[in-house]
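Participant: Next comes query_24.tsv, TSV, C-alpha atoms:
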chain	number	residue	atom	x	y	z
X	1	MET	CA	-9.27	-25.12	11.55
X	2	LYS	CA	-8.84	-21.45	10.79
X	3	ARG	CA	-5.84	-20.87	8.54
X	4	THR	CA	-3.08	-18.57	9.81
X	5	PRO	CA	-2.35	-15.75	7.32
X	6	ALA	CA	1.02	-16.19	5.58
X	7	TRP	CA	2.30	-12.80	6.75
X	8	LEU	CA	1.48	-13.66	10.39
X	9	ALA	CA	3.32	-16.96	10.21
X	10	ALA	CA	6.30	-15.21	8.68
X	11	PHE	CA	6.24	-12.61	11.43
X	12	ALA	CA	6.21	-15.24	14.13
X	13	ALA	CA	9.23	-16.96	12.60
X	14	MET	CA	11.12	-13.73	12.13
X	15	THR	CA	10.37	-12.64	15.68
X	16	LEU	CA	11.99	-15.80	17.06
X	17	LEU	CA	15.09	-15.11	14.97
X	18	ALA	CA	15.21	-11.46	15.96
X	19	THR	CA	14.61	-11.90	19.68
X	20	GLY	CA	18.29	-12.33	20.40
X	21	ALA	CA	19.03	-8.92	18.90
X	22	CYS	CA	16.62	-7.10	21.18
X	23	GLY	CA	19.14	-6.99	24.02
X	24	ALA	CA	21.29	-4.64	21.97
X	25	THR	CA	18.62	-1.97	22.38
X	26	ALA	CA	18.87	-2.02	26.16
X	27	ASP	CA	21.79	0.45	26.18
X	28	LYS	CA	20.38	3.85	26.99
X	29	GLY	CA	23.15	5.73	25.16
X	30	GLU	CA	22.66	9.48	24.99
X	31	SER	CA	19.25	10.83	25.92
X	32	SER	CA	19.27	13.68	23.44
X	33	GLY	CA	20.55	14.43	19.93
X	34	SER	CA	20.99	18.11	20.77
X	35	SER	CA	23.87	17.75	23.27
X	36	GLY	CA	26.52	17.72	20.56
X	37	LYS	CA	27.64	14.17	21.44
X	38	PRO	CA	26.86	11.34	19.01
X	39	VAL	CA	23.76	9.41	20.09
X	40	SER	CA	24.37	5.67	20.49
X	41	GLY	CA	22.24	2.54	20.33
X	42	LEU	CA	19.85	3.63	17.56
X	43	ARG	CA	18.31	0.99	15.28
X	44	ILE	CA	16.37	1.36	12.02
X	45	LEU	CA	14.13	-1.46	10.82
X	46	VAL	CA	13.66	-1.77	7.05
X	47	PRO	CA	10.41	-3.65	6.35
X	48	ASN	CA	11.45	-5.12	3.00
X	49	SER	CA	14.44	-6.67	1.28
X	50	PRO	CA	17.93	-5.15	0.90
X	51	GLY	CA	18.47	-2.92	-2.12
X	52	GLY	CA	15.05	-1.29	-2.26
X	53	GLY	CA	14.02	2.30	-1.67
X	54	TYR	CA	13.36	1.93	2.06
X	55	ASP	CA	16.68	0.14	2.49
X	56	THR	CA	18.61	2.77	0.52
X	57	THR	CA	16.99	5.60	2.48
X	58	ALA	CA	17.65	4.00	5.87
X	59	ARG	CA	21.29	3.22	5.10
X	60	THR	CA	21.81	6.73	3.74
X	61	ILE	CA	20.38	8.19	6.96
X	62	ALA	CA	22.69	6.00	9.05
X	63	LYS	CA	25.77	6.97	7.03
X	64	VAL	CA	25.06	10.71	7.12
X	65	MET	CA	24.42	10.55	10.87
X	66	GLU	CA	27.63	8.66	11.53
X	67	ASP	CA	29.81	10.71	9.16
X	68	GLY	CA	28.48	13.89	10.77
X	69	ARG	CA	28.98	12.51	14.31
X	70	ILE	CA	25.28	12.95	14.99
X	71	ALA	CA	24.94	9.28	15.97
X	72	SER	CA	27.34	6.37	16.28
X	73	GLY	CA	26.86	2.69	15.54
X	74	VAL	CA	23.43	3.10	13.93
X	75	GLU	CA	22.16	-0.39	13.11
X	76	VAL	CA	20.05	-0.90	9.99
X	77	PHE	CA	18.42	-4.31	9.62
X	78	ASN	CA	15.85	-5.86	7.27
X	79	LEU	CA	12.69	-7.68	8.34
X	80	SER	CA	10.78	-8.27	5.13
X	81	GLY	CA	7.42	-9.86	4.45
X	82	ALA	CA	3.89	-9.06	3.28
X	83	GLY	CA	4.78	-5.72	1.75
X	84	GLY	CA	6.06	-4.31	5.03
X	85	VAL	CA	3.37	-5.69	7.34
X	86	VAL	CA	5.76	-8.07	9.12
X	87	GLY	CA	7.97	-5.11	10.00
X	88	LEU	CA	4.98	-3.00	10.98
X	89	GLN	CA	3.74	-5.69	13.36
X	90	ARG	CA	7.22	-5.86	14.92
X	91	ILE	CA	7.23	-2.09	15.51
X	92	VAL	CA	3.77	-2.13	17.07
X	93	ASN	CA	4.81	-5.04	19.31
X	94	GLU	CA	7.91	-3.15	20.50
X	95	LYS	CA	5.82	-0.79	22.63
X	96	GLY	CA	7.99	1.59	24.63
X	97	ASN	CA	11.25	0.79	22.77
X	98	GLY	CA	12.62	4.27	22.14
X	99	LYS	CA	15.78	3.06	20.42
X	100	LEU	CA	13.99	1.45	17.47
X	101	VAL	CA	12.26	3.06	14.49
X	102	MET	CA	11.02	1.87	11.11
X	103	GLN	CA	11.77	3.34	7.71
X	104	MET	CA	8.44	3.36	5.88
X	105	GLY	CA	6.27	5.10	3.33
X	106	LEU	CA	3.14	4.94	1.24
X	107	GLY	CA	3.66	1.24	0.50
X	108	VAL	CA	3.31	0.19	4.12
X	109	VAL	CA	0.12	2.24	4.45
X	110	GLY	CA	-1.48	0.30	1.60
X	111	SER	CA	-0.17	-3.10	2.67
X	112	SER	CA	-1.61	-2.70	6.15
X	113	TYR	CA	-5.05	-2.73	4.53
X	114	THR	CA	-4.63	-5.20	1.65
X	115	GLN	CA	-2.92	-7.71	3.98
X	116	LYS	CA	-5.73	-7.16	6.52
X	117	SER	CA	-3.17	-6.50	9.23
X	118	PRO	CA	-4.40	-5.81	12.76
X	119	ALA	CA	-1.40	-3.45	13.07
X	120	LYS	CA	-1.85	-0.02	11.49
X	121	LEU	CA	0.47	2.94	11.15
X	122	THR	CA	-1.98	4.98	13.18
X	123	GLY	CA	-0.87	2.81	16.11
X	124	THR	CA	2.78	3.91	15.84
X	125	THR	CA	4.56	7.08	16.96
X	126	PRO	CA	5.18	9.36	13.94
X	127	ILE	CA	8.68	10.86	14.01
X	128	ALA	CA	9.28	12.62	10.68
X	129	LYS	CA	8.45	12.65	7.00
X	130	LEU	CA	11.74	12.83	5.08
X	131	VAL	CA	11.49	12.79	1.30
X	132	GLU	CA	9.21	12.59	-1.68
X	133	GLU	CA	10.16	10.75	-4.85
X	134	SER	CA	8.83	10.70	-8.37
X	135	GLY	CA	8.16	7.44	-10.14
X	136	ALA	CA	9.68	6.06	-13.31
X	137	ILE	CA	8.51	3.73	-16.06
X	138	VAL	CA	11.50	1.54	-16.83
X	139	VAL	CA	12.30	-1.26	-19.30
X	140	PRO	CA	15.37	-3.50	-19.66
X	141	LYS	CA	17.97	-2.37	-22.19
X	142	ASN	CA	16.92	-5.03	-24.73
X	143	SER	CA	13.23	-4.08	-24.59
X	144	PRO	CA	11.47	-3.47	-27.91
X	145	TYR	CA	9.78	-0.43	-26.39
X	146	ARG	CA	11.84	2.68	-27.12
X	147	THR	CA	9.31	5.29	-25.94
X	148	ILE	CA	6.42	5.47	-23.52
X	149	GLY	CA	4.17	5.70	-26.58
X	150	ASP	CA	5.48	2.35	-27.86
X	151	LEU	CA	4.81	0.72	-24.51
X	152	VAL	CA	1.33	2.17	-24.09
X	153	ALA	CA	0.32	1.07	-27.61
X	154	ALA	CA	1.34	-2.54	-26.88
X	155	TRP	CA	-0.22	-2.40	-23.43
X	156	LYS	CA	-3.57	-1.18	-24.74
X	157	ALA	CA	-3.58	-3.88	-27.42
X	158	ASP	CA	-3.28	-6.69	-24.86
X	159	PRO	CA	-3.20	-5.51	-21.21
X	160	LYS	CA	-3.00	-8.96	-19.68
X	161	LYS	CA	-0.01	-9.96	-21.82
X	162	ILE	CA	2.13	-6.99	-20.76
X	163	ALA	CA	3.30	-7.69	-17.21
X	164	VAL	CA	4.30	-4.73	-15.04
X	165	GLY	CA	6.32	-5.26	-11.89
X	166	GLY	CA	6.56	-3.13	-8.77
X	167	GLY	CA	8.39	-3.28	-5.47
X	168	SER	CA	5.28	-3.06	-3.34
X	169	SER	CA	2.19	-5.08	-2.57
X	170	PRO	CA	-1.25	-4.03	-3.82
X	171	GLY	CA	-2.05	-0.66	-2.30
X	172	GLY	CA	1.56	0.47	-2.33
X	173	PRO	CA	3.03	3.17	-4.61
X	174	ASP	CA	4.43	0.76	-7.19
X	175	HIS	CA	0.96	-0.77	-7.49
X	176	LEU	CA	-0.98	2.49	-7.47
X	177	LEU	CA	1.27	4.02	-10.15
X	178	PRO	CA	0.55	1.52	-12.96
X	179	MET	CA	-3.11	1.39	-11.97
X	180	GLN	CA	-3.39	5.15	-12.30
X	181	LEU	CA	-1.31	5.09	-15.49
X	182	ALA	CA	-3.61	2.46	-16.96
X	183	LYS	CA	-6.65	4.57	-16.16
X	184	ALA	CA	-5.00	7.65	-17.67
X	185	VAL	CA	-4.36	5.91	-21.01
X	186	GLY	CA	-7.76	4.21	-21.21
X	187	ILE	CA	-7.01	0.75	-19.83
X	188	ASP	CA	-9.30	-0.85	-17.25
X	189	PRO	CA	-7.11	-1.18	-14.11
X	190	LYS	CA	-8.71	-4.55	-13.44
X	191	GLN	CA	-7.07	-5.82	-16.65
X	192	VAL	CA	-3.56	-4.88	-15.53
X	193	ASN	CA	-1.17	-7.80	-15.03
X	194	TYR	CA	0.66	-6.51	-11.97
X	195	VAL	CA	3.44	-8.63	-10.44
X	196	SER	CA	4.32	-7.73	-6.85
X	197	TYR	CA	7.89	-7.91	-5.52
X	198	ASP	CA	9.02	-7.29	-1.96
X	199	GLY	CA	10.98	-4.09	-2.54
X	200	GLY	CA	13.32	-2.88	-5.26
X	201	GLY	CA	15.90	-5.50	-4.32
X	202	GLU	CA	13.59	-8.18	-5.75
X	203	LEU	CA	12.12	-6.05	-8.53
X	204	LEU	CA	15.44	-5.30	-10.22
X	205	PRO	CA	16.45	-8.92	-11.02
X	206	ALA	CA	13.00	-9.55	-12.47
X	207	LEU	CA	13.30	-6.47	-14.67
X	208	LEU	CA	16.88	-7.18	-15.75
X	209	GLY	CA	15.93	-10.78	-16.48
X	210	SER	CA	12.95	-9.65	-18.62
X	211	LYS	CA	10.50	-11.55	-16.44
X	212	ILE	CA	8.29	-8.46	-16.69
X	213	ALA	CA	7.77	-6.09	-19.63
X	214	PHE	CA	8.31	-2.97	-17.54
X	215	GLY	CA	8.79	-1.77	-14.01
X	216	ALA	CA	7.03	1.05	-12.18
X	217	SER	CA	8.84	2.35	-9.13
X	218	GLY	CA	10.73	5.30	-7.66
X	219	VAL	CA	13.38	6.63	-10.00
X	220	GLY	CA	15.95	6.36	-7.22
X	221	GLU	CA	15.54	2.56	-7.25
X	222	PHE	CA	17.29	2.38	-10.61
X	223	VAL	CA	20.21	4.82	-10.19
X	224	ASP	CA	23.03	2.30	-10.64
X	225	GLN	CA	21.31	0.42	-13.45
X	226	ILE	CA	20.55	3.64	-15.32
X	227	GLU	CA	24.17	4.73	-15.08
X	228	ALA	CA	25.36	1.29	-16.20
X	229	GLY	CA	22.99	1.30	-19.18
X	230	GLN	CA	21.20	-1.84	-18.02
X	231	VAL	CA	17.77	-0.24	-18.06
X	232	ARG	CA	16.05	2.48	-20.05
X	233	VAL	CA	13.70	5.02	-18.46
X	234	LEU	CA	10.78	5.77	-20.77
X	235	ALA	CA	9.11	8.44	-18.63
X	236	VAL	CA	9.09	9.97	-15.17
X	237	THR	CA	5.99	10.86	-13.18
X	238	SER	CA	7.18	14.23	-11.84
X	239	GLU	CA	5.79	17.61	-12.81
X	240	GLY	CA	9.04	18.57	-14.53
X	241	ARG	CA	12.10	16.73	-15.80
X	242	LEU	CA	14.59	15.32	-13.29
X	243	ASP	CA	18.27	16.25	-13.25
X	244	MET	CA	19.30	12.62	-12.92
X	245	VAL	CA	17.63	11.72	-16.24
X	246	LYS	CA	17.43	15.06	-18.03
X	247	ASP	CA	16.71	13.51	-21.43
X	248	VAL	CA	13.70	11.54	-20.18
X	249	PRO	CA	10.28	13.16	-20.70
X	250	THR	CA	7.57	13.39	-18.08
X	251	LEU	CA	4.29	11.58	-18.60
X	252	LYS	CA	2.60	14.96	-19.10
X	253	GLU	CA	5.09	15.89	-21.83
X	254	SER	CA	4.23	12.60	-23.48
X	255	GLY	CA	0.54	13.44	-23.57
X	256	ILE	CA	-0.45	11.41	-20.49
X	257	ASP	CA	-2.24	13.45	-17.84
X	258	LEU	CA	-0.68	12.00	-14.69
X	259	ILE	CA	1.69	13.22	-11.96
X	260	PHE	CA	2.55	10.73	-9.22
X	261	THR	CA	4.68	11.19	-6.10
X	262	ASN	CA	5.74	8.71	-3.41
X	263	TRP	CA	7.03	9.62	0.07
X	264	ARG	CA	9.07	8.13	2.91
X	265	GLY	CA	9.21	8.72	6.64
X	266	ILE	CA	10.15	7.34	10.03
X	267	VAL	CA	7.86	5.94	12.73
X	268	ALA	CA	8.63	4.55	16.20
X	269	PRO	CA	6.80	2.03	18.38
X	270	PRO	CA	3.81	3.20	20.41
X	271	GLY	CA	4.30	4.32	24.00
X	272	ILE	CA	7.87	5.62	23.76
X	273	SER	CA	8.93	8.34	26.20
X	274	ASP	CA	8.84	12.01	25.26
X	275	ALA	CA	12.62	12.11	25.70
X	276	ASP	CA	13.21	9.23	23.26
X	277	LYS	CA	10.82	10.75	20.74
X	278	GLN	CA	12.64	14.08	20.99
X	279	THR	CA	16.00	12.36	20.54
X	280	TRP	CA	14.89	10.93	17.20
X	281	ILE	CA	13.42	14.25	16.09
X	282	ASP	CA	16.64	16.01	17.10
X	283	VAL	CA	19.02	13.65	15.28
X	284	LEU	CA	16.91	13.66	12.14
X	285	THR	CA	16.61	17.44	12.22
X	286	ARG	CA	20.39	17.76	12.56
X	287	MET	CA	20.92	15.26	9.74
X	288	HIS	CA	18.46	17.12	7.54
X	289	GLY	CA	20.54	20.28	7.91
X	290	THR	CA	23.82	18.75	6.74
X	291	ASP	CA	25.42	19.32	3.35
X	292	ALA	CA	25.90	15.55	3.10
X	293	TRP	CA	22.14	14.95	3.27
X	294	LYS	CA	21.50	17.66	0.69
X	295	ALA	CA	23.98	15.92	-1.62
X	296	GLU	CA	22.17	12.60	-1.14
X	297	LEU	CA	18.87	14.24	-2.09
X	298	VAL	CA	20.40	15.28	-5.41
X	299	LYS	CA	22.11	11.93	-5.96
X	300	HIS	CA	18.89	9.94	-5.55
X	301	SER	CA	16.53	12.51	-7.11
X	302	TRP	CA	14.69	12.79	-3.79
X	303	THR	CA	12.67	15.91	-3.03
X	304	ASP	CA	13.17	17.37	0.43
X	305	ALA	CA	9.88	17.00	2.32
X	306	PHE	CA	11.05	17.17	5.92
X	307	ALA	CA	8.12	17.39	8.34
X	308	PRO	CA	8.70	16.28	11.93
X	309	ASP	CA	6.41	15.37	14.83
X	310	ASP	CA	2.84	16.73	14.73
X	311	GLU	CA	3.08	17.84	11.10
X	312	PHE	CA	3.99	14.30	10.03
X	313	ALA	CA	1.35	12.82	12.34
X	314	ALA	CA	-1.38	14.87	10.64
X	315	PHE	CA	-0.05	13.93	7.19
X	316	LEU	CA	0.09	10.23	8.09
X	317	THR	CA	-3.48	10.24	9.40
X	318	ALA	CA	-4.71	11.86	6.17
X	319	GLN	CA	-2.72	9.41	4.00
X	320	ASP	CA	-4.05	6.43	5.93
X	321	LYS	CA	-7.63	7.50	5.32
X	322	ALA	CA	-7.05	8.37	1.66
X	323	VAL	CA	-5.41	5.03	0.87
X	324	ALA	CA	-8.11	3.10	2.74
X	325	ASP	CA	-10.79	4.89	0.72
X	326	ILE	CA	-9.02	4.18	-2.61
X	327	LEU	CA	-8.49	0.51	-1.86
X	328	THR	CA	-12.06	0.09	-0.70
X	329	GLY	CA	-13.20	1.52	-4.02
X	330	LEU	CA	-11.02	-1.03	-5.86
X	331	GLY	CA	-12.39	-3.87	-3.74
X	332	LEU	CA	-8.94	-4.64	-2.29
X	333	THR	CA	-9.73	-4.34	1.41
Can you give me the file's structure in the form of structure tokens?
Facilitator:
Amino acid sequence: MKRTPAWLAAFAAMTLLATGACGATADKGESSGSSGKPVSGLRILVPNSPGGGYDTTARTIAKVMEDGRIASGVEVFNLSGAGGVVGLQRIVNEKGNGKLVMQMGLGVVGSSYTQKSPAKLTGTTPIAKLVEESGAIVVPKNSPYRTIGDLVAAWKADPKKIAVGGGSSPGGPDHLLPMQLAKAVGIDPKQVNYVSYDGGGELLPALLGSKIAFGASGVGEFVDQIEAGQVRVLAVTSEGRLDMVKDVPTLKESGIDLIFTNWRGIVAPPGISDADKQTWIDVLTRMHGTDAWKAELVKHSWTDAFAPDDEFAAFLTAQDKAVADILTGLGLT
């Protein structure tokens, strides 16, 4: 008997649980975000666990929309599994549902290939690219590694002993970052002991509990823990220093020739109406123009990368091909 992939079984179970919620999307609400009235009935699917980058971004979007009376009653819900593939399959299966979108990013692109998913992001309706985010190399507060140089020295001495955790499956940004970092410092990426967690919500406990030597993820994932002194950022992957962690050097400052940037965007199911697509573009465009959203960009160290509709579609197509090529080269597809 042919074995059912774990992610597909999980999706089937989750779909049964979620079916009852689908009726809530039947309300048509407002047909346009440009009328001045708050749009109702919108739902945002987060394809990994609560507390991660996708989750934070989606809930921030919902709050800014509601506070600005752009939309009312925006529902954000989590449907985790297989690095985002369970959520992706749900979106693809919701053909024509113009009230539902998925918060996603580079991680879902990679997972769709490494998990051998029949659903691909090229089969969704691109709505808008929202933000870019630099990565961070982070250790728990009691770590013996005080600098990125200390960590790299220990890592090079015994790559398999030094476990690095990330909030994405192989092919996602948290996986690609340590692989590229390893290559930049002279470590064979195949020797890297990478531990995959389903989003930042699962990564953080592992890091705080010292189950991994260091974490590699978006700097925004660690905002509260940085402020509380629970973790220490050894380096950021941006071109220049970040305001949120002004005292932390970049990898390039530390003599490591690597700049790495993640991104996040919104996609809808295939086959939605032009009116529903325009509603989402309108509400996101209005949100993007608010002072509240600009403040959130600063708070989370997100870089504004707003690109709606066709511009995002072209970007997503290029990213899909680039990631597929990289993973094929690593033998992960």
Participant: Pick from X:Ala216, X:Ala58, X:Ala157, X:Leu45: nearest to Val185 (chain X), with all atoms listed in the file counted?
Facilitator: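 Of the candidates, the smallest distance to Val185 (chain X) is held by X:Ala157.
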Participant: In terms of the shortest atom-to-atom distance over all atoms listed in the file, which of X:Gly167, X:Gly149, X:Gly271, X:Gly265 is closest to Thr57 (chain X)?
Facilitator: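 For Thr57 (chain X), the nearest of the candidates is X:Gly265.
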Participant: Can you measure CA of Thr303 (chain X) to CA of Asp247 (chain X) for me? One decimal in Å is fine.
Facilitator: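 Between CA of Thr303 (chain X) and CA of Asp247 (chain X) the gap is 19.0 Å.
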Participant: Go ahead and compute the interatomic distance for CA of Lys161 (chain X) and CA of Leu330 (chain X), in Å to one decimal.
Facilitator: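 Atom-to-atom, CA of Lys161 (chain X) to CA of Leu330 (chain X), that is 21.3 Å.
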Participant: At a cut-off of 9 Å, can you tabulate as a Markdown table every residue of region 209-235 of chain X near region 122-133 of chain X together with its closest atom pair and the distance in Å to one decimal, using only C-alpha atoms and ordering rows by chain then number?
Facilitator:
| residue | atom | partner | partner_atom | distance |
| --- | --- | --- | --- | --- |
| X:Gly218 | CA | X:Glu133 | CA | 6.2 |
| X:Val219 | CA | X:Glu133 | CA | 7.3 |
| X:Gly220 | CA | X:Glu133 | CA | 7.6 |
Participant: Taking every listed atom of region 90-103 of chain X and adding 6 Å to each side, what centre and edge lengths in Å (one decimal) does the axis-aligned box have, as lines of an AutoDock Vina configuration file?
Facilitator:
center_x = 9.8
center_y = -0.8
center_z = 16.2
size_x = 24.0
size_y = 22.1
size_z = 28.9
Participant: Taking into account all atoms listed in the file, which residue in the set X:Gly165, X:Thr285, X:Val138, X:Phe214 is nearest to Gly229 (chain X)?
Facilitator: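 Closest candidate: X:Val138.
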Participant: Any idea what the distance is between CA of Gly51 (chain X) and CA of Val223 (chain X)?
Facilitator: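 About the pair CA of Gly51 (chain X) and CA of Val223 (chain X): they are 11.3 Å apart.
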Participant: Give me the residues near region 106-115 of chain X as a PyMOL selection string, where near means some atom within 7 Å (using all atoms listed in the file) and where sequence neighbours in that chain fewer than 6 positions away do not count.
Facilitator: chain X and resi 82-85+121+168-173+262-264+320+323-324+332-333
Participant: Name the closest residue to Val86 (chain X) among the candidates X:Asp198, X:Asp274, X:Glu239, X:Glu227; distances are taken between atoms, counting all atoms listed in the file.
Facilitator: X:Asp198
Participant: Which residues come within 7 Å of Pro38 (chain X), counting only C-alpha atoms, excluding same-chain residues fewer than 6 positions away, as an MDAnalysis selection string?
Facilitator: chainID X and resid 69:72
Participant: Would you list the residues near (16.3, 0.4, 19.7), meaning any protein, DNA or RNA residue with an atom at most 6 Å from that point in file coordinates, counting all atoms listed in the file, as an mmCIF file with C-alpha atoms, keeping the file's coordinate frame?
Facilitator:
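See point_26.cif below for the written result:
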data_model
loop_
_atom_site.group_PDB
_atom_site.id
_atom_site.type_symbol
_atom_site.label_atom_id
_atom_site.label_comp_id
_atom_site.auth_asym_id
_atom_site.auth_seq_id
_atom_site.Cartn_x
_atom_site.Cartn_y
_atom_site.Cartn_z
ATOM 1 C CA THR X 25 18.620 -1.970 22.380
ATOM 2 C CA LEU X 42 19.850 3.630 17.560
ATOM 3 C CA ARG X 43 18.310 0.990 15.280
ATOM 4 C CA ASN X 97 11.250 0.790 22.770
ATOM 5 C CA GLY X 98 12.620 4.270 22.140
ATOM 6 C CA LYS X 99 15.780 3.060 20.420
ATOM 7 C CA LEU X 100 13.990 1.450 17.470
#
Participant: Just checking: using all atoms listed in the file, which residue out of X:Pro47, X:Gly215, X:Pro178, X:Gly105 ends up closest to Arg232 (chain X)?
Facilitator: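 Among X:Pro47, X:Gly215, X:Pro178, X:Gly105, it is X:Gly215 that comes nearest to Arg232 (chain X).
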Participant: With distances taken over only C-alpha atoms, which residue among X:Ala268, X:Val231, X:Ala182, X:Leu316 lies nearest Arg146 (chain X)?
Facilitator: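 Nearest candidate to Arg146 (chain X) out of X:Ala268, X:Val231, X:Ala182, X:Leu316: X:Val231.
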Participant: Neighbouring residues of Lys156 (chain X) were defined as those with any atom within 9 Å, considering all atoms listed in the file; residues of the same chain fewer than 3 positions away were excluded. Please report them as a PyMOL selection string.
Facilitator: chain X and resi 151-153+159+182+185-187
Participant: Please provide the set of residues having any atom within 10 Å of Pro249 (chain X), restricted to only C-alpha atoms, with same-chain residues fewer than 6 positions apart removed, written as a list in words.
Facilitator: Thr147, Ile148, Val233, Leu234, Ala235, Val236, Thr237, Ser238, Gly240, Arg241 and Leu242 of chain X
Participant: Starting from the sparse input, extend region 190-197 of chain X to all heavy atoms and give the output as a PDB file, keeping the file's coordinate frame.
Facilitator:
ATOM      1  N   LYS X 190      -8.482  -3.152 -13.794  1.00  0.00           N
ATOM      2  CA  LYS X 190      -8.710  -4.550 -13.440  1.00  0.00           C
ATOM      3  C   LYS X 190      -8.080  -5.513 -14.444  1.00  0.00           C
ATOM      4  O   LYS X 190      -7.930  -6.705 -14.161  1.00  0.00           O
ATOM      5  CB  LYS X 190     -10.206  -4.818 -13.309  1.00  0.00           C
ATOM      6  CG  LYS X 190     -10.854  -4.083 -12.135  1.00  0.00           C
ATOM      7  CD  LYS X 190     -12.336  -4.383 -12.037  1.00  0.00           C
ATOM      8  CE  LYS X 190     -12.965  -3.632 -10.866  1.00  0.00           C
ATOM      9  NZ  LYS X 190     -14.425  -3.877 -10.768  1.00  0.00           N
ATOM     10  N   GLN X 191      -7.704  -4.990 -15.623  1.00  0.00           N
ATOM     11  CA  GLN X 191      -7.070  -5.820 -16.650  1.00  0.00           C
ATOM     12  C   GLN X 191      -5.554  -5.820 -16.548  1.00  0.00           C
ATOM     13  O   GLN X 191      -4.876  -6.554 -17.261  1.00  0.00           O
ATOM     14  CB  GLN X 191      -7.470  -5.303 -18.043  1.00  0.00           C
ATOM     15  CG  GLN X 191      -8.958  -5.385 -18.349  1.00  0.00           C
ATOM     16  CD  GLN X 191      -9.442  -6.818 -18.375  1.00  0.00           C
ATOM     17  OE1 GLN X 191      -8.867  -7.666 -19.054  1.00  0.00           O
ATOM     18  NE2 GLN X 191     -10.502  -7.099 -17.627  1.00  0.00           N
ATOM     19  N   VAL X 192      -5.011  -5.000 -15.649  1.00  0.00           N
ATOM     20  CA  VAL X 192      -3.560  -4.880 -15.530  1.00  0.00           C
ATOM     21  C   VAL X 192      -2.948  -6.131 -14.903  1.00  0.00           C
ATOM     22  O   VAL X 192      -3.422  -6.620 -13.872  1.00  0.00           O
ATOM     23  CB  VAL X 192      -3.176  -3.638 -14.692  1.00  0.00           C
ATOM     24  CG1 VAL X 192      -1.659  -3.598 -14.448  1.00  0.00           C
ATOM     25  CG2 VAL X 192      -3.623  -2.370 -15.405  1.00  0.00           C
ATOM     26  N   ASN X 193      -1.895  -6.636 -15.535  1.00  0.00           N
ATOM     27  CA  ASN X 193      -1.170  -7.800 -15.030  1.00  0.00           C
ATOM     28  C   ASN X 193      -0.023  -7.307 -14.160  1.00  0.00           C
ATOM     29  O   ASN X 193       1.109  -7.148 -14.620  1.00  0.00           O
ATOM     30  CB  ASN X 193      -0.649  -8.632 -16.211  1.00  0.00           C
ATOM     31  CG  ASN X 193       0.137  -9.856 -15.765  1.00  0.00           C
ATOM     32  OD1 ASN X 193       0.160 -10.216 -14.588  1.00  0.00           O
ATOM     33  ND2 ASN X 193       0.803 -10.509 -16.713  1.00  0.00           N
ATOM     34  N   TYR X 194      -0.332  -7.061 -12.893  1.00  0.00           N
ATOM     35  CA  TYR X 194       0.660  -6.510 -11.970  1.00  0.00           C
ATOM     36  C   TYR X 194       1.326  -7.636 -11.181  1.00  0.00           C
ATOM     37  O   TYR X 194       0.662  -8.491 -10.607  1.00  0.00           O
ATOM     38  CB  TYR X 194       0.002  -5.533 -10.990  1.00  0.00           C
ATOM     39  CG  TYR X 194       0.962  -4.978  -9.958  1.00  0.00           C
ATOM     40  CD1 TYR X 194       1.902  -4.018 -10.304  1.00  0.00           C
ATOM     41  CD2 TYR X 194       0.934  -5.430  -8.639  1.00  0.00           C
ATOM     42  CE1 TYR X 194       2.800  -3.513  -9.358  1.00  0.00           C
ATOM     43  CE2 TYR X 194       1.817  -4.929  -7.688  1.00  0.00           C
ATOM     44  CZ  TYR X 194       2.747  -3.973  -8.058  1.00  0.00           C
ATOM     45  OH  TYR X 194       3.635  -3.477  -7.129  1.00  0.00           O
ATOM     46  N   VAL X 195       2.660  -7.631 -11.171  1.00  0.00           N
ATOM     47  CA  VAL X 195       3.440  -8.630 -10.440  1.00  0.00           C
ATOM     48  C   VAL X 195       4.113  -7.928  -9.264  1.00  0.00           C
ATOM     49  O   VAL X 195       4.892  -6.991  -9.462  1.00  0.00           O
ATOM     50  CB  VAL X 195       4.502  -9.290 -11.331  1.00  0.00           C
ATOM     51  CG1 VAL X 195       5.237 -10.375 -10.550  1.00  0.00           C
ATOM     52  CG2 VAL X 195       3.858  -9.873 -12.590  1.00  0.00           C
ATOM     53  N   SER X 196       3.815  -8.370  -8.065  1.00  0.00           N
ATOM     54  CA  SER X 196       4.320  -7.730  -6.850  1.00  0.00           C
ATOM     55  C   SER X 196       5.640  -8.345  -6.392  1.00  0.00           C
ATOM     56  O   SER X 196       5.781  -9.575  -6.338  1.00  0.00           O
ATOM     57  CB  SER X 196       3.287  -7.864  -5.735  1.00  0.00           C
ATOM     58  OG  SER X 196       3.780  -7.367  -4.519  1.00  0.00           O
ATOM     59  N   TYR X 197       6.612  -7.481  -6.083  1.00  0.00           N
ATOM     60  CA  TYR X 197       7.890  -7.910  -5.520  1.00  0.00           C
ATOM     61  C   TYR X 197       8.097  -7.203  -4.186  1.00  0.00           C
ATOM     62  O   TYR X 197       7.593  -6.094  -3.992  1.00  0.00           O
ATOM     63  CB  TYR X 197       9.046  -7.595  -6.468  1.00  0.00           C
ATOM     64  CG  TYR X 197       8.968  -8.360  -7.771  1.00  0.00           C
ATOM     65  CD1 TYR X 197       8.335  -7.808  -8.890  1.00  0.00           C
ATOM     66  CD2 TYR X 197       9.484  -9.644  -7.872  1.00  0.00           C
ATOM     67  CE1 TYR X 197       8.229  -8.510 -10.073  1.00  0.00           C
ATOM     68  CE2 TYR X 197       9.377 -10.361  -9.058  1.00  0.00           C
ATOM     69  CZ  TYR X 197       8.750  -9.795 -10.152  1.00  0.00           C
ATOM     70  OH  TYR X 197       8.639 -10.498 -11.328  1.00  0.00           O
TER      71      TYR X 197
END
